[in-house]
Amino acid sequence: MEFCPTCGNLLRYEGGGSSRFFCSTCPYVANIERRVEIKKKQLLVKKSIEPVVTKDDIPTAAETEAPCPRCGHDKAYFKSMQIRSADEPESRFYRCLKCEFTWREE
């Protein structure tokens, strides 16, 4: 976004043969003389995703009745953690007793 140096309003773009920015309030005009060229391209590397909670983080002592979304078993271990800001509710992490699938409820 470009702003008018005279009055401070947002400049509008006009393309075509001669590209330019112009102010719709005052007579300010800025001609665009050349186009931007990208001279160097950089390949982005995808980072591996680290889990927030691992199997070792959820204790095996606290059990609750929670149906597993993968196998349907009705019991799971659970742990509550505050992973976001303090004004957000804490997240509950579950691990199925049967298939050891881990899921989260917020």
# chains A, B, ... in the order shown; residues from 1 in each chain; ligands from 1
$ select_by_dssp --residues "chain A" --states "strand (DSSP E or B)" --output "ChimeraX atom specification"
/A:3,10,12-14,20-22,29-31,63-65,75-81,91-96,102-105
$ closest_atom_pairs --of "segment 62-82 of chain A" --to "segment 89-100 of chain A" --cutoff "8 Å" --atoms "only C-alpha atoms" --output "Markdown table"
| residue | atom | partner | partner_atom | distance |
| --- | --- | --- | --- | --- |
| A:Cys68 | CA | A:Cys96 | CA | 6.0 |
| A:Cys71 | CA | A:Cys99 | CA | 7.0 |
| A:His73 | CA | A:Lys98 | CA | 6.7 |
| A:Lys75 | CA | A:Leu97 | CA | 6.1 |
| A:Ala76 | CA | A:Cys96 | CA | 4.3 |
| A:Tyr77 | CA | A:Arg95 | CA | 5.1 |
| A:Phe78 | CA | A:Tyr94 | CA | 4.4 |
| A:Lys79 | CA | A:Phe93 | CA | 5.3 |
| A:Ser80 | CA | A:Arg92 | CA | 4.4 |
| A:Met81 | CA | A:Ser91 | CA | 5.4 |
| A:Gln82 | CA | A:Glu90 | CA | 4.5 |
$ closest_residue --among "A:Glu105, A:Asn9, A:Val29, A:Gly15" --to "Pro67 of chain A" --atoms "only C-alpha atoms"
A:Glu105
$ atom_distance --atom1 "atom CA of Ala62 of chain A" --atom2 "atom CA of Glu106 of chain A"
18.0 Å
$ residues_around --residues "segment 17-25 of chain A" --least-positions-apart "5" --cutoff "10 Å" --atoms "only C-alpha atoms" --output "list in words"
Glu2, Phe3, Cys4, Pro5, Thr6, Cys7, Gly8, Asn9, Leu10, Leu11, Arg12, Ala30, Asn31, Ile32, Glu33, Arg34 and Arg35 of chain A
$ write_last_selection --atoms "N, CA, C and O atoms" --output "PDB file, in the first residue's frame"
ATOM      1  N   GLU A   2       0.496   2.177  -0.756  1.00  0.00           N
ATOM      2  CA  GLU A   2       1.211   3.450  -0.831  1.00  0.00           C
ATOM      3  C   GLU A   2       0.255   4.559  -0.396  1.00  0.00           C
ATOM      4  O   GLU A   2      -0.943   4.509  -0.672  1.00  0.00           O
ATOM      5  N   PHE A   3       0.815   5.573   0.261  1.00  0.00           N
ATOM      6  CA  PHE A   3       0.008   6.688   0.723  1.00  0.00           C
ATOM      7  C   PHE A   3       0.482   7.987   0.084  1.00  0.00           C
ATOM      8  O   PHE A   3       1.669   8.145  -0.224  1.00  0.00           O
ATOM      9  N   CYS A   4      -0.433   8.905  -0.101  1.00  0.00           N
ATOM     10  CA  CYS A   4      -0.131  10.195  -0.705  1.00  0.00           C
ATOM     11  C   CYS A   4       0.732  11.029   0.245  1.00  0.00           C
ATOM     12  O   CYS A   4       0.359  11.228   1.401  1.00  0.00           O
ATOM     13  N   PRO A   5       1.901  11.518  -0.206  1.00  0.00           N
ATOM     14  CA  PRO A   5       2.738  12.341   0.665  1.00  0.00           C
ATOM     15  C   PRO A   5       2.146  13.727   0.913  1.00  0.00           C
ATOM     16  O   PRO A   5       2.535  14.409   1.851  1.00  0.00           O
ATOM     17  N   THR A   6       1.178  14.146   0.095  1.00  0.00           N
ATOM     18  CA  THR A   6       0.572  15.465   0.236  1.00  0.00           C
ATOM     19  C   THR A   6      -0.562  15.471   1.263  1.00  0.00           C
ATOM     20  O   THR A   6      -0.563  16.269   2.192  1.00  0.00           O
ATOM     21  N   CYS A   7      -1.522  14.529   1.093  1.00  0.00           N
ATOM     22  CA  CYS A   7      -2.700  14.556   1.961  1.00  0.00           C
ATOM     23  C   CYS A   7      -2.835  13.321   2.853  1.00  0.00           C
ATOM     24  O   CYS A   7      -3.663  13.309   3.751  1.00  0.00           O
ATOM     25  N   GLY A   8      -2.044  12.261   2.619  1.00  0.00           N
ATOM     26  CA  GLY A   8      -2.071  11.081   3.467  1.00  0.00           C
ATOM     27  C   GLY A   8      -3.094  10.028   3.103  1.00  0.00           C
ATOM     28  O   GLY A   8      -3.199   9.016   3.787  1.00  0.00           O
ATOM     29  N   ASN A   9      -3.886  10.248   2.048  1.00  0.00           N
ATOM     30  CA  ASN A   9      -4.879   9.257   1.637  1.00  0.00           C
ATOM     31  C   ASN A   9      -4.199   8.085   0.932  1.00  0.00           C
ATOM     32  O   ASN A   9      -3.082   8.198   0.423  1.00  0.00           O
ATOM     33  N   LEU A  10      -4.898   6.954   0.873  1.00  0.00           N
ATOM     34  CA  LEU A  10      -4.397   5.774   0.185  1.00  0.00           C
ATOM     35  C   LEU A  10      -4.363   6.036  -1.314  1.00  0.00           C
ATOM     36  O   LEU A  10      -5.344   6.509  -1.902  1.00  0.00           O
ATOM     37  N   LEU A  11      -3.220   5.751  -1.941  1.00  0.00           N
ATOM     38  CA  LEU A  11      -3.099   5.945  -3.381  1.00  0.00           C
ATOM     39  C   LEU A  11      -3.761   4.790  -4.109  1.00  0.00           C
ATOM     40  O   LEU A  11      -3.717   3.654  -3.674  1.00  0.00           O
ATOM     41  N   ARG A  12      -4.355   5.077  -5.242  1.00  0.00           N
ATOM     42  CA  ARG A  12      -4.992   4.071  -6.080  1.00  0.00           C
ATOM     43  C   ARG A  12      -4.039   3.707  -7.202  1.00  0.00           C
ATOM     44  O   ARG A  12      -3.213   4.508  -7.626  1.00  0.00           O
ATOM     45  N   ALA A  30       2.178   9.450  -9.064  1.00  0.00           N
ATOM     46  CA  ALA A  30       3.517   8.851  -9.038  1.00  0.00           C
ATOM     47  C   ALA A  30       3.572   7.798 -10.135  1.00  0.00           C
ATOM     48  O   ALA A  30       2.900   6.769 -10.056  1.00  0.00           O
ATOM     49  N   ASN A  31       4.339   8.058 -11.185  1.00  0.00           N
ATOM     50  CA  ASN A  31       4.480   7.104 -12.276  1.00  0.00           C
ATOM     51  C   ASN A  31       5.404   5.969 -11.865  1.00  0.00           C
ATOM     52  O   ASN A  31       6.408   6.173 -11.191  1.00  0.00           O
ATOM     53  N   ILE A  32       5.067   4.762 -12.282  1.00  0.00           N
ATOM     54  CA  ILE A  32       5.890   3.583 -11.999  1.00  0.00           C
ATOM     55  C   ILE A  32       6.714   3.333 -13.254  1.00  0.00           C
ATOM     56  O   ILE A  32       6.179   3.016 -14.309  1.00  0.00           O
ATOM     57  N   GLU A  33       8.033   3.470 -13.118  1.00  0.00           N
ATOM     58  CA  GLU A  33       8.894   3.405 -14.286  1.00  0.00           C
ATOM     59  C   GLU A  33       9.415   2.011 -14.600  1.00  0.00           C
ATOM     60  O   GLU A  33       9.707   1.707 -15.731  1.00  0.00           O
ATOM     61  N   ARG A  34       9.586   1.168 -13.619  1.00  0.00           N
ATOM     62  CA  ARG A  34      10.107  -0.169 -13.896  1.00  0.00           C
ATOM     63  C   ARG A  34       9.403  -1.191 -13.028  1.00  0.00           C
ATOM     64  O   ARG A  34       8.831  -0.882 -11.998  1.00  0.00           O
ATOM     65  N   ARG A  35       9.486  -2.421 -13.432  1.00  0.00           N
ATOM     66  CA  ARG A  35       8.849  -3.511 -12.695  1.00  0.00           C
ATOM     67  C   ARG A  35       9.882  -4.194 -11.798  1.00  0.00           C
ATOM     68  O   ARG A  35      11.070  -4.172 -12.062  1.00  0.00           O
TER      69      ARG A  35
END
$ decode --residues "segment 38-74 of chain A" --atoms "N, CA, C and O atoms" --output "compact mmCIF listing (two decimals), in the first residue's frame"
# COMPACT_ATOMS: atom_id res chain seq x y z
N ILE A 38 12.55 -10.61 -9.72
CA ILE A 38 13.04 -11.53 -8.71
C ILE A 38 14.32 -12.14 -9.26
O ILE A 38 14.31 -12.84 -10.27
N LYS A 39 15.43 -11.85 -8.60
CA LYS A 39 16.72 -12.30 -9.09
C LYS A 39 17.17 -13.59 -8.43
O LYS A 39 17.96 -14.33 -8.99
N LYS A 40 16.70 -13.86 -7.22
CA LYS A 40 17.14 -15.05 -6.51
C LYS A 40 15.92 -15.78 -5.96
O LYS A 40 15.08 -15.20 -5.30
N LYS A 41 15.84 -17.06 -6.25
CA LYS A 41 14.77 -17.88 -5.71
C LYS A 41 15.36 -18.80 -4.67
O LYS A 41 16.46 -19.31 -4.82
N GLN A 42 14.62 -18.99 -3.59
CA GLN A 42 15.08 -19.84 -2.51
C GLN A 42 14.07 -20.94 -2.29
O GLN A 42 12.87 -20.69 -2.15
N LEU A 43 14.54 -22.17 -2.27
CA LEU A 43 13.65 -23.30 -2.02
C LEU A 43 13.35 -23.37 -0.52
O LEU A 43 14.24 -23.23 0.31
N LEU A 44 12.09 -23.59 -0.20
CA LEU A 44 11.69 -23.71 1.19
C LEU A 44 11.75 -25.17 1.61
O LEU A 44 11.32 -26.05 0.87
N VAL A 45 12.29 -25.41 2.78
CA VAL A 45 12.40 -26.76 3.30
C VAL A 45 11.31 -26.96 4.34
O VAL A 45 11.17 -26.16 5.26
N LYS A 46 10.54 -28.02 4.17
CA LYS A 46 9.46 -28.29 5.12
C LYS A 46 10.05 -28.90 6.38
O LYS A 46 10.78 -29.88 6.34
N LYS A 47 9.73 -28.29 7.51
CA LYS A 47 10.23 -28.76 8.79
C LYS A 47 9.36 -29.90 9.30
O LYS A 47 8.18 -29.97 9.01
N SER A 48 9.98 -30.76 10.07
CA SER A 48 9.21 -31.85 10.67
C SER A 48 8.38 -31.30 11.83
O SER A 48 8.79 -30.36 12.51
N ILE A 49 7.23 -31.89 12.05
CA ILE A 49 6.33 -31.43 13.10
C ILE A 49 6.60 -32.25 14.36
O ILE A 49 6.58 -33.48 14.32
N GLU A 50 6.87 -31.55 15.44
CA GLU A 50 7.09 -32.23 16.71
C GLU A 50 5.77 -32.28 17.46
O GLU A 50 5.05 -31.28 17.55
N PRO A 51 5.43 -33.42 18.03
CA PRO A 51 4.15 -33.51 18.75
C PRO A 51 4.19 -32.68 20.03
O PRO A 51 5.23 -32.55 20.68
N VAL A 52 3.04 -32.13 20.38
CA VAL A 52 2.92 -31.35 21.61
C VAL A 52 3.01 -32.27 22.82
O VAL A 52 3.67 -31.98 23.80
N VAL A 53 2.37 -33.42 22.70
CA VAL A 53 2.36 -34.39 23.79
C VAL A 53 2.79 -35.74 23.22
O VAL A 53 2.28 -36.18 22.20
N THR A 54 3.72 -36.40 23.89
CA THR A 54 4.15 -37.74 23.48
C THR A 54 3.47 -38.77 24.38
O THR A 54 2.80 -38.42 25.36
N LYS A 55 3.68 -40.04 24.07
CA LYS A 55 3.09 -41.10 24.89
C LYS A 55 3.60 -41.05 26.32
O LYS A 55 2.89 -41.38 27.26
N ASP A 56 4.85 -40.64 26.49
CA ASP A 56 5.43 -40.58 27.84
C ASP A 56 4.86 -39.45 28.68
O ASP A 56 4.94 -39.48 29.91
N ASP A 57 4.28 -38.43 28.04
CA ASP A 57 3.73 -37.29 28.78
C ASP A 57 2.39 -37.60 29.45
O ASP A 57 2.01 -36.95 30.41
N ILE A 58 1.65 -38.56 28.91
CA ILE A 58 0.34 -38.90 29.47
C ILE A 58 0.54 -40.04 30.46
O ILE A 58 0.98 -41.12 30.09
N PRO A 59 0.23 -39.81 31.72
CA PRO A 59 0.45 -40.86 32.72
C PRO A 59 -0.52 -42.02 32.51
O PRO A 59 -1.56 -41.88 31.88
N THR A 60 -0.17 -43.17 33.07
CA THR A 60 -1.03 -44.35 32.94
C THR A 60 -1.92 -44.54 34.16
O THR A 60 -2.57 -45.54 34.28
N ALA A 61 -1.94 -43.58 35.08
CA ALA A 61 -2.72 -43.73 36.31
C ALA A 61 -4.13 -43.18 36.18
O ALA A 61 -5.08 -43.78 36.66
N ALA A 62 -4.30 -42.02 35.56
CA ALA A 62 -5.61 -41.37 35.50
C ALA A 62 -6.40 -41.92 34.32
O ALA A 62 -6.03 -41.74 33.17
N GLU A 63 -7.51 -42.60 34.62
CA GLU A 63 -8.36 -43.16 33.58
C GLU A 63 -9.70 -42.42 33.58
O GLU A 63 -10.14 -41.92 34.60
N THR A 64 -10.34 -42.41 32.42
CA THR A 64 -11.66 -41.82 32.29
C THR A 64 -12.43 -42.55 31.21
O THR A 64 -11.85 -43.31 30.43
N GLU A 65 -13.73 -42.31 31.17
CA GLU A 65 -14.54 -42.88 30.11
C GLU A 65 -14.59 -41.88 28.96
O GLU A 65 -15.25 -40.84 29.06
N ALA A 66 -13.87 -42.19 27.90
CA ALA A 66 -13.84 -41.35 26.70
C ALA A 66 -13.71 -42.28 25.50
O ALA A 66 -12.76 -43.06 25.43
N PRO A 67 -14.66 -42.22 24.57
CA PRO A 67 -14.60 -43.13 23.42
C PRO A 67 -13.45 -42.76 22.47
O PRO A 67 -13.27 -41.60 22.12
N CYS A 68 -12.69 -43.76 22.07
CA CYS A 68 -11.57 -43.56 21.16
C CYS A 68 -12.09 -43.31 19.75
O CYS A 68 -12.92 -44.07 19.25
N PRO A 69 -11.63 -42.24 19.07
CA PRO A 69 -12.10 -41.98 17.71
C PRO A 69 -11.61 -43.01 16.70
O PRO A 69 -12.19 -43.15 15.63
N ARG A 70 -10.55 -43.76 17.03
CA ARG A 70 -10.01 -44.74 16.09
C ARG A 70 -10.67 -46.11 16.25
O ARG A 70 -11.18 -46.68 15.29
N CYS A 71 -10.65 -46.67 17.46
CA CYS A 71 -11.13 -48.04 17.64
C CYS A 71 -12.48 -48.13 18.36
O CYS A 71 -13.09 -49.19 18.39
N GLY A 72 -12.93 -47.05 19.00
CA GLY A 72 -14.22 -47.05 19.67
C GLY A 72 -14.18 -47.55 21.11
O GLY A 72 -15.23 -47.59 21.77
N HIS A 73 -13.01 -47.93 21.61
CA HIS A 73 -12.90 -48.38 23.00
C HIS A 73 -13.33 -47.23 23.91
O HIS A 73 -13.07 -46.08 23.63
N ASP A 74 -13.98 -47.55 25.04
CA ASP A 74 -14.59 -46.50 25.86
C ASP A 74 -13.75 -46.03 27.04
O ASP A 74 -14.21 -45.21 27.83
